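Here's the structure we're looking at; comments come further down.
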2 protein chains.
Amino acid sequence: MKQYEHGGNIYKYGRKIIDFSSNINPIGMPEDIDKLIVLRCLSRYPDINYTKLKNAIADYIGCKTDNVIVGNGADEIIYLFVRALGIKRPLIPSPSFSEYERAAVLSGGIPVYYKIEEDNRYIIDINKMIRNMKGVDGLMLGNPNNPTGQALLASEIRVLLKIALEMDIPVMIDEAFIEFINDYKMYESIDLINEFPNLFIVRAATKFYGMPGLRLGYGIGYNSIVRKIEMYKEPWTVNAIADIVGREIFNEYEYMGKTRRYVAKEIEYMLAELKKIDYLTVFDTKVNFILIKLKYGNVYDLKDKLLVNGILIRDASNFRFLDKSYFRVAIKRHEDNLKLIKALEEIRWR
Amino acid sequence: MKQYEHGGNIYKYGRKIIDFSSNINPIGMPEDIDKLIVLRCLSRYPDINYTKLKNAIADYIGCKTDNVIVGNGADEIIYLFVRALGIKRPLIPSPSFSEYERAAVLSGGIPVYYKIEEDNRYIIDINKMIRNMKGVDGLMLGNPNNPTGQALLASEIRVLLKIALEMDIPVMIDEAFIEFINDYKMYESIDLINEFPNLFIVRAATKFYGMPGLRLGYGIGYNSIVRKIEMYKEPWTVNAIADIVGREIFNEYEYMGKTRRYVAKEIEYMLAELKKIDYLTVFDTKVNFILIKLKYGNVYDLKDKLLVNGILIRDASNFRFLDKSYFRVAIKRHEDNLKLIKALEEIRWR
């Protein structure tokens with residue numbers, strides 16, 4: 001099996017760098033997190049049922065506690081979905097987050113891919129995707145999708161879910177990045193969980209709250225699908241600190257709004273500036289990262305050139321259907337974004 | 001599938017209780033943990049390879065870094081062992097930790113049980129166990145075993161491993177409690193990893209360091225078995241705080257010695273006092289918990305009676321081969337242990 005690589009692996013670079021490779025919140029963690037932590041919480045097992053944490057999430061989402069499952073990042077939830085529902089032949093619109101594929105393969109499955117078309121600027125054509133659903137036993141969809149940054153509207157997802165339900169196909173929608181969209185309400189599938197018992201939504205607290213070190217994710221779905229997935233969950237995978245912090249962050253409405261406004265403004269700026277650079281093809285995005293294609297040269301050279309300036313980008317060549325022309329950058333603080341633009345502008349390829 | 005219950009679930013009891021049901025370090029966490037935590041670590045992904053953490057464990061154990069895998073508690077490591085090696089028919093000497101069974105069942109396996117005999121005071125008869133190894137594709141052994149508290153010597157494990165190697169059977173030895181034994185060097189299998197490529201040792205940092213809320217465990221084995229198990233690992237399951245704390249705790253030699261001396265002394269005291277209570281059959285133990293059998297009455301009533309005194313014991317009726325006569329108590333602080341003894345003495349059954 002090939003190696004699955006991720007962004008955010010700053011540990012192999014010995015010195016201080018600006019990390020454009022991992023897609024976390026650019027404005028940092030909510031400020032009052034420090035006060036929350038009572039380290040003595042480490043001396044007890046977390047509540048194996050995580051009742052208070054689930055209640056906090058249910059309040060935030062506007063669902064019932066038994067519609068919620070919590071996990072060690074979105075990743076645990078993704079793996080559980082595949083394992084608990086015995087999915088062996090999922091359809092994965094790609095390029096997409098590599099852990100969907102890895103989860104399926106490690107469970108002995110063989111994924112099927114719907115190739116999201118570059119000619120369509122990586123916007124998913126739901127009719128084409130639906131035609132690919134014949135013979136599959138699951139659908140794993142990033143919405144917004146990583147690394148393409150595009151998203152389907154809830155109204156489109158609804159069409160998809162209806163057909164999937166008729167075909168008896170469970171659908172996982174990974175909304176790990178959805179809260180970064182300014183008008184995310186138009187995109188999120190939360191309101192559909194009671195209508196579609198085949199729908200399972202995955203979310204991360206990690207990225208939106210700028211705390212990838214915490215490892216907290218959750219899943220939302222109809223009671224029966226959540227109960228089934230819960231049966232496969234390993235005990236205590238969310239540690240005591242993630243449990244306690246998680247009970248509080250979903251109240252941070254001001255922080256949430258500020259993040260979304262900042263990201264929206266900065267995306268607009270970044271897209272405009274990046275598009276001025278002649279050797280780049282820049283794809284539009286709905287979220288806090290941008291997929292970019294080199295018109296010449298390759299991403300390995302580009303990455304090296306930028307590292308000299310203390311800038312780390314995400315080489316996107318290992319995403320399915322992409323190649324050494326592609327890279328992904330996250331939105332960071334404005335002054336860091338300026339450094340990226342400047343460094344890219346100054347690169348001479350010949 | 002039946003519900004797997006654990007000790008340490010204090011969350012369903014609304015008030016302050018002394019928790020004898022979970023087997024963690026009675027002297028608490030090492031004192032200088034608080035100083036270690038730089039919460040800003042939450043704002044980065046942990047090192048996906050956990051190189052520094054693995055180095056710290058390798059130094060402590062006296063092995064190489066590539067003999068080490070880290071996980072979200074011992075539990076993640078146990079599940080990975082089963083999944084990565086495709087074990088479908090493990091032999092599980094029982095009664096034992098229920099997660100061995102659950103890991104096998106959730107992977108579609110059907111465990112085989114060797115019943116550890118009460119008549120032999122729950123000491124494993126390795127010849128009988130070996131006779132049960134025919135037709136199995138794995139062995140999952142707690143050493144010391146939970147809830148029985150007994151342990152096999154490394155010299156006995158060696159005999160077992162030799163036969164298992166000839167039969168091509170991978171052996172997981174769960175040493176989650178081994179560091180509580182005063183002369184643990186006689187029991188641990190660490191020195192055997194290079195001789196037996198079928199050996200995989202599981203350890204918890206959770207219990208011995210009194211930090212079950214942290215969720216940190218590790219596995220030790222020959223390079224090839226560790227590499228294979230690592231291939232199945234989900235990313236970042238050890239969060240940033242567990243990573244940072246984990247890099248330091250394995251240096252806490254004074255704390256380790258103090259813990260072992262305390263536990264040894266307190267076990268002796270507890271066993272002597274408990275054995276004076278006429279309605280109890282008390283089994284000897286090598287570690288920080290004691291299995292006890294009621295001569296009359298049942299553990300549900302006993303648990304209720306003790307809860308009135310603010311004491312929580314571990315109902316052991318849901319362990320395989322045990323019934324409503326059995327319970328387990330952990331060693332706690334001396335003053336708490338006195339309270340338990342007193343409460344047990346005062347119970348009138350008729």
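Ordered as shown in the structure tokens, chains take letters A, B, and onward, while each chain numbers its residues from 1 and ligands are numbered from 1 in the order shown.
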
Produce the least-squares-superposed copy of chain A, fitted on chain B over all in-order C-alpha pairs, as a short mmCIF file (atom, residue, chain, number, x, y, z; two decimals) with C-alpha atoms, in the first residue's frame.
data_model
loop_
_atom_site.label_atom_id
_atom_site.label_comp_id
_atom_site.auth_asym_id
_atom_site.auth_seq_id
_atom_site.Cartn_x
_atom_site.Cartn_y
_atom_site.Cartn_z
CA MET A 1 -23.54 -8.04 20.95
CA LYS A 2 -23.58 -7.64 24.69
CA GLN A 3 -22.51 -4.46 26.38
CA TYR A 4 -18.87 -4.31 27.46
CA GLU A 5 -18.63 -2.51 30.78
CA HIS A 6 -15.56 -1.11 32.47
CA GLY A 7 -14.50 0.16 35.84
CA GLY A 8 -13.96 3.86 36.39
CA ASN A 9 -17.38 4.94 35.19
CA ILE A 10 -17.94 7.37 38.03
CA TYR A 11 -19.99 9.69 35.85
CA LYS A 12 -23.29 8.06 36.59
CA TYR A 13 -22.90 8.71 40.30
CA GLY A 14 -23.82 12.25 41.10
CA ARG A 15 -21.66 12.80 44.15
CA LYS A 16 -18.17 12.40 45.53
CA ILE A 17 -17.16 8.77 45.81
CA ILE A 18 -13.97 6.83 46.36
CA ASP A 19 -13.49 4.90 43.16
CA PHE A 20 -12.20 1.39 43.85
CA SER A 21 -13.44 0.27 40.47
CA SER A 22 -10.64 1.66 38.29
CA ASN A 23 -7.11 0.33 38.58
CA ILE A 24 -5.00 3.44 38.30
CA ASN A 25 -1.99 4.56 40.29
CA PRO A 26 -3.07 5.25 43.88
CA ILE A 27 -0.41 7.88 44.54
CA GLY A 28 -1.63 10.15 41.73
CA MET A 29 0.22 11.68 38.79
CA PRO A 30 3.90 12.64 38.86
CA GLU A 31 3.97 16.08 40.46
CA ASP A 32 5.71 18.09 37.79
CA ILE A 33 3.29 17.30 34.98
CA ASP A 34 1.49 20.64 35.32
CA LYS A 35 4.61 22.55 34.41
CA LEU A 36 5.00 20.58 31.20
CA ILE A 37 1.87 21.59 29.50
CA VAL A 38 2.16 24.38 27.03
CA LEU A 39 -1.37 24.63 25.79
CA ARG A 40 -0.23 26.26 22.61
CA CYS A 41 0.77 22.75 21.54
CA LEU A 42 -2.92 22.29 20.74
CA SER A 43 -2.59 24.70 17.82
CA ARG A 44 -0.43 22.27 15.84
CA TYR A 45 -0.94 18.77 14.62
CA PRO A 46 1.08 16.30 16.67
CA ASP A 47 4.05 14.82 14.78
CA ILE A 48 2.29 12.10 12.77
CA ASN A 49 5.32 9.86 13.34
CA TYR A 50 5.63 10.70 17.08
CA THR A 51 9.40 10.39 16.77
CA LYS A 52 10.33 12.12 20.03
CA LEU A 53 7.70 10.24 21.97
CA LYS A 54 8.86 6.92 20.55
CA ASN A 55 12.47 7.80 21.34
CA ALA A 56 11.53 8.46 24.97
CA ILE A 57 9.76 5.12 25.21
CA ALA A 58 12.62 3.28 23.49
CA ASP A 59 15.09 4.79 25.99
CA TYR A 60 12.92 3.70 28.89
CA ILE A 61 12.32 0.19 27.58
CA GLY A 62 15.84 -0.29 26.25
CA CYS A 63 14.90 -1.02 22.65
CA LYS A 64 15.12 0.74 19.29
CA THR A 65 12.66 3.39 18.12
CA ASP A 66 11.37 1.12 15.38
CA ASN A 67 10.38 -1.46 17.99
CA VAL A 68 7.80 1.04 19.30
CA ILE A 69 4.30 1.99 18.20
CA VAL A 70 2.22 4.53 20.16
CA GLY A 71 -1.54 4.74 20.47
CA ASN A 72 -4.62 6.16 22.14
CA GLY A 73 -4.28 4.08 25.29
CA ALA A 74 -3.47 0.40 25.30
CA ASP A 75 -6.90 -0.10 23.74
CA GLU A 76 -6.00 1.28 20.32
CA ILE A 77 -2.94 -0.97 20.24
CA ILE A 78 -5.01 -4.04 21.13
CA TYR A 79 -7.49 -3.34 18.34
CA LEU A 80 -4.68 -2.69 15.85
CA PHE A 81 -3.00 -6.00 16.72
CA VAL A 82 -6.16 -7.92 15.86
CA ARG A 83 -6.94 -5.91 12.74
CA ALA A 84 -3.45 -5.69 11.25
CA LEU A 85 -2.68 -9.37 11.70
CA GLY A 86 -6.17 -10.44 10.56
CA ILE A 87 -6.72 -12.50 13.70
CA LYS A 88 -10.08 -14.29 13.58
CA ARG A 89 -9.73 -17.06 16.16
CA PRO A 90 -7.63 -15.84 19.09
CA LEU A 91 -7.18 -17.83 22.26
CA ILE A 92 -8.08 -15.65 25.23
CA PRO A 93 -7.28 -17.04 28.71
CA SER A 94 -10.28 -15.84 30.72
CA PRO A 95 -11.64 -14.18 32.78
CA SER A 96 -9.73 -11.30 31.21
CA PHE A 97 -10.01 -7.70 29.98
CA SER A 98 -13.16 -7.57 27.83
CA GLU A 99 -11.60 -5.48 25.06
CA TYR A 100 -9.58 -8.49 23.81
CA GLU A 101 -12.82 -10.26 23.06
CA ARG A 102 -14.53 -7.17 21.70
CA ALA A 103 -11.60 -6.39 19.36
CA ALA A 104 -11.79 -9.91 17.93
CA VAL A 105 -15.57 -9.94 17.57
CA LEU A 106 -15.72 -6.51 15.91
CA SER A 107 -13.16 -7.72 13.38
CA GLY A 108 -15.48 -10.61 12.52
CA GLY A 109 -13.59 -13.14 14.61
CA ILE A 110 -14.73 -15.84 17.02
CA PRO A 111 -12.48 -16.11 20.09
CA VAL A 112 -11.62 -19.36 21.81
CA TYR A 113 -11.38 -19.33 25.59
CA TYR A 114 -9.06 -21.12 27.96
CA LYS A 115 -10.79 -21.02 31.33
CA ILE A 116 -8.32 -20.04 34.03
CA GLU A 117 -9.18 -22.26 36.98
CA GLU A 118 -10.41 -20.88 40.25
CA ASP A 119 -9.29 -24.13 41.90
CA ASN A 120 -5.77 -23.14 40.88
CA ARG A 121 -6.32 -19.69 42.46
CA TYR A 122 -6.46 -18.17 38.98
CA ILE A 123 -2.84 -19.00 38.28
CA ILE A 124 -2.55 -19.91 34.59
CA ASP A 125 -1.49 -23.50 33.92
CA ILE A 126 0.66 -22.98 30.85
CA ASN A 127 0.54 -26.62 29.80
CA LYS A 128 -3.24 -26.55 29.75
CA MET A 129 -3.19 -23.26 27.89
CA ILE A 130 -0.79 -24.66 25.29
CA ARG A 131 -3.10 -27.62 24.70
CA ASN A 132 -5.80 -25.07 23.84
CA MET A 133 -3.64 -23.40 21.19
CA LYS A 134 -4.43 -25.92 18.47
CA GLY A 135 -6.41 -24.29 15.67
CA VAL A 136 -6.14 -20.74 16.95
CA ASP A 137 -4.53 -17.90 14.98
CA GLY A 138 -3.50 -15.67 17.85
CA LEU A 139 -3.07 -15.51 21.61
CA MET A 140 -4.18 -12.52 23.70
CA LEU A 141 -2.86 -12.71 27.22
CA GLY A 142 -3.00 -10.21 30.06
CA ASN A 143 0.16 -10.37 32.15
CA PRO A 144 -0.62 -9.53 34.88
CA ASN A 145 -4.14 -10.54 34.04
CA ASN A 146 -7.17 -8.39 34.78
CA PRO A 147 -9.27 -9.04 36.93
CA THR A 148 -7.42 -11.99 38.45
CA GLY A 149 -4.20 -10.15 39.35
CA GLN A 150 -1.97 -13.13 38.62
CA ALA A 151 1.09 -13.07 36.34
CA LEU A 152 3.31 -15.51 34.48
CA LEU A 153 7.08 -15.32 34.82
CA ALA A 154 9.12 -14.31 31.78
CA SER A 155 10.64 -17.80 31.84
CA GLU A 156 7.14 -19.30 31.45
CA ILE A 157 6.23 -16.82 28.72
CA ARG A 158 9.37 -17.91 26.88
CA VAL A 159 8.19 -21.54 26.77
CA LEU A 160 4.84 -20.36 25.49
CA LEU A 161 6.37 -18.14 22.80
CA LYS A 162 8.56 -20.91 21.50
CA ILE A 163 5.62 -23.22 20.92
CA ALA A 164 3.53 -20.37 19.49
CA LEU A 165 6.35 -19.55 17.07
CA GLU A 166 6.51 -23.15 15.88
CA MET A 167 2.76 -23.04 15.37
CA ASP A 168 3.01 -19.64 13.61
CA ILE A 169 0.76 -17.96 16.19
CA PRO A 170 1.23 -14.26 16.99
CA VAL A 171 1.12 -13.55 20.72
CA MET A 172 -0.06 -10.30 22.27
CA ILE A 173 0.97 -9.85 25.88
CA ASP A 174 -0.84 -7.01 27.57
CA GLU A 175 1.51 -5.66 30.23
CA ALA A 176 -0.68 -2.66 31.10
CA PHE A 177 -0.29 -3.37 34.84
CA ILE A 178 3.16 -4.95 34.94
CA GLU A 179 4.98 -1.88 36.23
CA PHE A 180 3.00 -2.06 39.44
CA ILE A 181 4.81 -5.31 40.38
CA ASN A 182 7.76 -4.72 42.66
CA ASP A 183 9.93 -7.34 40.92
CA TYR A 184 8.40 -6.67 37.47
CA LYS A 185 11.70 -7.49 35.76
CA MET A 186 11.03 -11.17 36.42
CA TYR A 187 7.71 -10.96 34.62
CA GLU A 188 8.15 -8.60 31.68
CA SER A 189 8.74 -10.01 28.20
CA ILE A 190 10.70 -7.06 26.84
CA ASP A 191 13.95 -9.00 26.52
CA LEU A 192 12.23 -11.53 24.25
CA ILE A 193 11.21 -9.22 21.39
CA ASN A 194 14.28 -9.82 19.26
CA GLU A 195 14.15 -13.56 19.78
CA PHE A 196 10.45 -13.91 19.00
CA PRO A 197 9.12 -12.08 15.93
CA ASN A 198 5.63 -13.35 16.89
CA LEU A 199 5.66 -11.41 20.18
CA PHE A 200 3.85 -8.10 20.57
CA ILE A 201 3.75 -6.39 23.96
CA VAL A 202 1.09 -3.83 24.85
CA ARG A 203 1.63 -1.23 27.54
CA ALA A 204 -0.39 1.65 28.99
CA ALA A 205 0.96 4.92 30.34
CA THR A 206 -2.55 5.59 31.55
CA LYS A 207 -2.66 3.37 34.59
CA PHE A 208 0.83 3.38 35.99
CA TYR A 209 1.19 7.14 35.80
CA GLY A 210 -2.27 7.75 37.19
CA MET A 211 -3.37 9.61 34.07
CA PRO A 212 -6.17 7.63 32.42
CA GLY A 213 -7.54 10.90 31.07
CA LEU A 214 -4.43 11.35 28.93
CA ARG A 215 -4.94 8.31 26.70
CA LEU A 216 -1.48 7.06 25.89
CA GLY A 217 -0.42 3.50 25.30
CA TYR A 218 2.29 1.79 23.32
CA GLY A 219 3.28 -1.47 21.74
CA ILE A 220 6.71 -3.11 21.64
CA GLY A 221 7.82 -5.81 19.24
CA TYR A 222 10.18 -6.98 16.57
CA ASN A 223 10.54 -4.39 13.73
CA SER A 224 8.50 -6.41 11.25
CA ILE A 225 5.46 -6.91 13.48
CA VAL A 226 5.51 -3.26 14.57
CA ARG A 227 5.77 -2.08 10.97
CA LYS A 228 2.83 -4.24 9.95
CA ILE A 229 0.67 -2.96 12.80
CA GLU A 230 1.74 0.63 12.11
CA MET A 231 0.37 0.28 8.56
CA TYR A 232 -3.12 -0.02 10.01
CA LYS A 233 -2.85 2.86 12.43
CA GLU A 234 -5.15 5.83 12.01
CA PRO A 235 -3.36 9.19 11.96
CA TRP A 236 -2.78 11.44 15.03
CA THR A 237 -4.65 9.30 17.56
CA VAL A 238 -2.33 10.49 20.35
CA ASN A 239 -3.15 14.12 20.94
CA ALA A 240 -0.58 16.89 21.37
CA ILE A 241 -0.77 16.95 25.17
CA ALA A 242 -0.40 13.18 25.45
CA ASP A 243 2.56 13.46 23.08
CA ILE A 244 4.31 16.12 25.17
CA VAL A 245 3.53 14.59 28.56
CA GLY A 246 4.54 11.19 27.24
CA ARG A 247 7.99 12.46 26.31
CA GLU A 248 8.70 13.23 29.96
CA ILE A 249 6.98 10.69 32.20
CA PHE A 250 9.24 7.78 31.36
CA ASN A 251 12.04 9.56 33.20
CA GLU A 252 10.17 9.60 36.48
CA TYR A 253 12.23 6.88 38.14
CA GLU A 254 11.70 8.08 41.68
CA TYR A 255 7.95 8.17 41.19
CA MET A 256 8.06 4.68 39.71
CA GLY A 257 9.95 3.20 42.64
CA LYS A 258 7.76 4.97 45.17
CA THR A 259 4.62 3.64 43.45
CA ARG A 260 5.86 0.06 43.44
CA ARG A 261 6.93 0.14 47.07
CA TYR A 262 3.64 1.66 48.11
CA VAL A 263 1.57 -0.86 46.15
CA ALA A 264 3.56 -3.85 47.47
CA LYS A 265 3.12 -2.73 51.07
CA GLU A 266 -0.55 -1.90 50.66
CA ILE A 267 -1.37 -5.17 48.87
CA GLU A 268 0.06 -7.09 51.79
CA TYR A 269 -1.99 -5.06 54.24
CA MET A 270 -5.20 -5.26 52.21
CA LEU A 271 -4.96 -8.99 51.59
CA ALA A 272 -4.44 -9.65 55.29
CA GLU A 273 -7.36 -7.46 56.32
CA LEU A 274 -9.74 -8.65 53.63
CA LYS A 275 -9.04 -12.28 54.44
CA LYS A 276 -10.30 -11.67 57.97
CA ILE A 277 -13.76 -10.87 56.65
CA ASP A 278 -15.78 -14.06 56.92
CA TYR A 279 -18.09 -13.70 53.90
CA LEU A 280 -15.24 -13.10 51.42
CA THR A 281 -12.92 -15.40 49.49
CA VAL A 282 -9.93 -13.24 48.62
CA PHE A 283 -7.58 -14.23 45.81
CA ASP A 284 -3.91 -13.34 45.94
CA THR A 285 -2.62 -10.72 43.56
CA LYS A 286 0.61 -9.46 42.10
CA VAL A 287 -0.69 -5.99 41.27
CA ASN A 288 -2.77 -3.01 42.33
CA PHE A 289 -6.16 -4.70 42.36
CA ILE A 290 -7.74 -7.70 44.06
CA LEU A 291 -10.38 -10.15 42.87
CA ILE A 292 -12.80 -11.14 45.62
CA LYS A 293 -15.66 -13.64 45.77
CA LEU A 294 -18.71 -13.42 47.99
CA LYS A 295 -19.50 -16.57 49.92
CA TYR A 296 -23.13 -15.46 50.06
CA GLY A 297 -25.19 -12.55 48.84
CA ASN A 298 -24.53 -10.95 45.46
CA VAL A 299 -22.39 -8.16 44.14
CA TYR A 300 -25.31 -5.94 43.10
CA ASP A 301 -26.45 -5.69 46.71
CA LEU A 302 -22.88 -5.26 47.90
CA LYS A 303 -22.27 -2.45 45.43
CA ASP A 304 -25.40 -0.63 46.60
CA LYS A 305 -24.48 -1.04 50.24
CA LEU A 306 -21.00 0.39 49.62
CA LEU A 307 -22.26 3.26 47.48
CA VAL A 308 -24.19 4.47 50.51
CA ASN A 309 -20.76 4.89 52.13
CA GLY A 310 -19.40 6.72 49.07
CA ILE A 311 -17.42 3.72 47.87
CA LEU A 312 -17.48 2.38 44.30
CA ILE A 313 -16.32 -1.18 43.59
CA ARG A 314 -16.05 -2.96 40.27
CA ASP A 315 -18.88 -5.44 39.82
CA ALA A 316 -16.97 -8.29 38.12
CA SER A 317 -20.02 -10.34 37.17
CA ASN A 318 -19.70 -9.40 33.50
CA PHE A 319 -16.24 -10.94 33.11
CA ARG A 320 -16.39 -14.22 31.21
CA PHE A 321 -16.60 -17.24 33.58
CA LEU A 322 -17.36 -15.04 36.59
CA ASP A 323 -20.80 -14.39 38.03
CA LYS A 324 -22.64 -12.19 40.50
CA SER A 325 -20.43 -13.42 43.36
CA TYR A 326 -17.35 -11.58 42.12
CA PHE A 327 -16.02 -8.07 42.50
CA ARG A 328 -12.73 -6.30 42.09
CA VAL A 329 -11.20 -3.53 44.17
CA ALA A 330 -8.23 -1.35 43.36
CA ILE A 331 -5.56 -0.30 45.82
CA LYS A 332 -6.13 3.36 46.69
CA ARG A 333 -4.61 5.73 49.26
CA HIS A 334 -4.18 4.09 52.65
CA GLU A 335 -6.92 6.12 54.35
CA ASP A 336 -9.34 5.18 51.57
CA ASN A 337 -8.38 1.53 51.83
CA LEU A 338 -9.17 1.67 55.55
CA LYS A 339 -12.62 3.03 54.71
CA LEU A 340 -13.23 0.14 52.34
CA ILE A 341 -12.17 -2.46 54.91
CA LYS A 342 -14.32 -0.85 57.56
CA ALA A 343 -17.36 -0.64 55.28
CA LEU A 344 -16.96 -4.28 54.25
CA GLU A 345 -16.59 -5.38 57.89
CA GLU A 346 -19.75 -3.59 58.90
CA ILE A 347 -21.98 -5.14 56.28
CA ARG A 348 -24.57 -7.50 57.72
CA TRP A 349 -26.03 -9.92 55.20
CA ARG A 350 -28.81 -11.30 57.33
#

Problem set entry | Test item, strand (DSSP E) assignment across region 40-285 of chain B, answer as number ranges by chain | B: 68-71, 90-94, 112-115, 138-142, 171-174, 199-204, 217-221, 280-282

Using N, CA and C atoms, can you export the residues from the last selection as a tab-separated table (two decimals), in the first residue's frame?
chain	number	residue	atom	x	y	z
B	68	VAL	N	8.85	0.38	18.53
B	68	VAL	CA	7.80	1.04	19.32
B	68	VAL	C	6.67	1.55	18.43
B	69	ILE	N	5.44	1.32	18.83
B	69	ILE	CA	4.29	1.99	18.23
B	69	ILE	C	3.51	2.65	19.36
B	70	VAL	N	2.97	3.85	19.12
B	70	VAL	CA	2.20	4.53	20.18
B	70	VAL	C	0.73	4.60	19.79
B	71	GLY	N	-0.12	4.69	20.80
B	71	GLY	CA	-1.56	4.72	20.52
B	71	GLY	C	-2.38	5.41	21.58
B	90	PRO	N	-8.65	-15.93	18.04
B	90	PRO	CA	-7.63	-15.85	19.09
B	90	PRO	C	-8.00	-16.70	20.31
B	91	LEU	N	-6.99	-17.21	20.96
B	91	LEU	CA	-7.18	-17.85	22.26
B	91	LEU	C	-7.07	-16.76	23.32
B	92	ILE	N	-8.09	-16.67	24.17
B	92	ILE	CA	-8.08	-15.66	25.24
B	92	ILE	C	-8.25	-16.36	26.58
B	93	PRO	N	-7.15	-16.51	27.34
B	93	PRO	CA	-7.28	-17.05	28.70
B	93	PRO	C	-8.21	-16.13	29.49
B	94	SER	N	-9.23	-16.69	30.10
B	94	SER	CA	-10.27	-15.85	30.72
B	94	SER	C	-10.68	-16.39	32.09
B	112	VAL	N	-11.60	-18.09	21.11
B	112	VAL	CA	-11.62	-19.37	21.82
B	112	VAL	C	-11.13	-19.05	23.23
B	113	TYR	N	-11.73	-19.69	24.22
B	113	TYR	CA	-11.38	-19.34	25.59
B	113	TYR	C	-10.69	-20.49	26.30
B	114	TYR	N	-9.63	-20.19	27.00
B	114	TYR	CA	-9.08	-21.14	27.96
B	114	TYR	C	-9.51	-20.63	29.32
B	115	LYS	N	-10.25	-21.47	30.04
B	115	LYS	CA	-10.78	-21.03	31.34
B	115	LYS	C	-9.71	-21.16	32.42
B	138	GLY	N	-4.07	-16.77	17.06
B	138	GLY	CA	-3.53	-15.68	17.86
B	138	GLY	C	-3.71	-16.01	19.34
B	139	LEU	N	-2.90	-15.36	20.17
B	139	LEU	CA	-3.07	-15.53	21.62
B	139	LEU	C	-3.08	-14.13	22.22
B	140	MET	N	-4.07	-13.84	23.06
B	140	MET	CA	-4.18	-12.53	23.70
B	140	MET	C	-4.19	-12.74	25.21
B	141	LEU	N	-3.09	-12.38	25.83
B	141	LEU	CA	-2.86	-12.73	27.23
B	141	LEU	C	-2.58	-11.49	28.06
B	142	GLY	N	-3.30	-11.30	29.13
B	142	GLY	CA	-3.00	-10.24	30.07
B	142	GLY	C	-1.95	-10.72	31.07
B	171	VAL	N	1.48	-13.63	19.30
B	171	VAL	CA	1.11	-13.56	20.72
B	171	VAL	C	1.14	-12.11	21.18
B	172	MET	N	-0.01	-11.63	21.65
B	172	MET	CA	-0.06	-10.31	22.27
B	172	MET	C	-0.02	-10.49	23.78
B	173	ILE	N	0.95	-9.85	24.42
B	173	ILE	CA	0.99	-9.87	25.87
B	173	ILE	C	0.70	-8.47	26.37
B	174	ASP	N	-0.39	-8.33	27.08
B	174	ASP	CA	-0.83	-7.03	27.57
B	174	ASP	C	-0.22	-6.80	28.95
B	199	LEU	N	6.04	-12.04	18.89
B	199	LEU	CA	5.67	-11.42	20.17
B	199	LEU	C	5.33	-9.95	19.99
B	200	PHE	N	4.22	-9.52	20.57
B	200	PHE	CA	3.85	-8.11	20.56
B	200	PHE	C	3.36	-7.74	21.97
B	201	ILE	N	4.06	-6.80	22.58
B	201	ILE	CA	3.76	-6.41	23.96
B	201	ILE	C	2.96	-5.11	23.95
B	202	VAL	N	1.90	-5.06	24.74
B	202	VAL	CA	1.09	-3.84	24.86
B	202	VAL	C	1.29	-3.23	26.24
B	203	ARG	N	1.48	-1.93	26.28
B	203	ARG	CA	1.64	-1.23	27.56
B	203	ARG	C	0.74	0.00	27.60
B	204	ALA	N	0.39	0.41	28.82
B	204	ALA	CA	-0.38	1.64	29.01
B	204	ALA	C	0.45	2.62	29.81
B	217	GLY	N	-0.89	4.85	25.19
B	217	GLY	CA	-0.41	3.49	25.32
B	217	GLY	C	0.64	3.23	24.26
B	218	TYR	N	1.30	2.09	24.36
B	218	TYR	CA	2.29	1.78	23.33
B	218	TYR	C	2.44	0.28	23.16
B	219	GLY	N	3.02	-0.09	22.04
B	219	GLY	CA	3.29	-1.49	21.75
B	219	GLY	C	4.76	-1.65	21.47
B	220	ILE	N	5.29	-2.82	21.84
B	220	ILE	CA	6.71	-3.12	21.64
B	220	ILE	C	6.80	-4.48	20.95
B	221	GLY	N	7.63	-4.55	19.92
B	221	GLY	CA	7.82	-5.84	19.25
B	221	GLY	C	8.96	-5.77	18.25
B	280	LEU	N	-16.03	-13.32	52.63
B	280	LEU	CA	-15.25	-13.10	51.41
B	280	LEU	C	-14.22	-14.21	51.17
B	281	THR	N	-14.08	-14.61	49.91
B	281	THR	CA	-12.91	-15.39	49.49
B	281	THR	C	-12.02	-14.43	48.71
B	282	VAL	N	-10.82	-14.24	49.21
B	282	VAL	CA	-9.93	-13.22	48.63
B	282	VAL	C	-8.80	-13.93	47.87

For this session: Determine which residues of region 79-213 of chain A receive a DSSP assignment of helix (DSSP H, G or I), computed from the backbone, and state them as a ChimeraX atom specification.
Result: /A:79-84,98-106,118-120,126-131,154-166,178-180,184-186,190-192
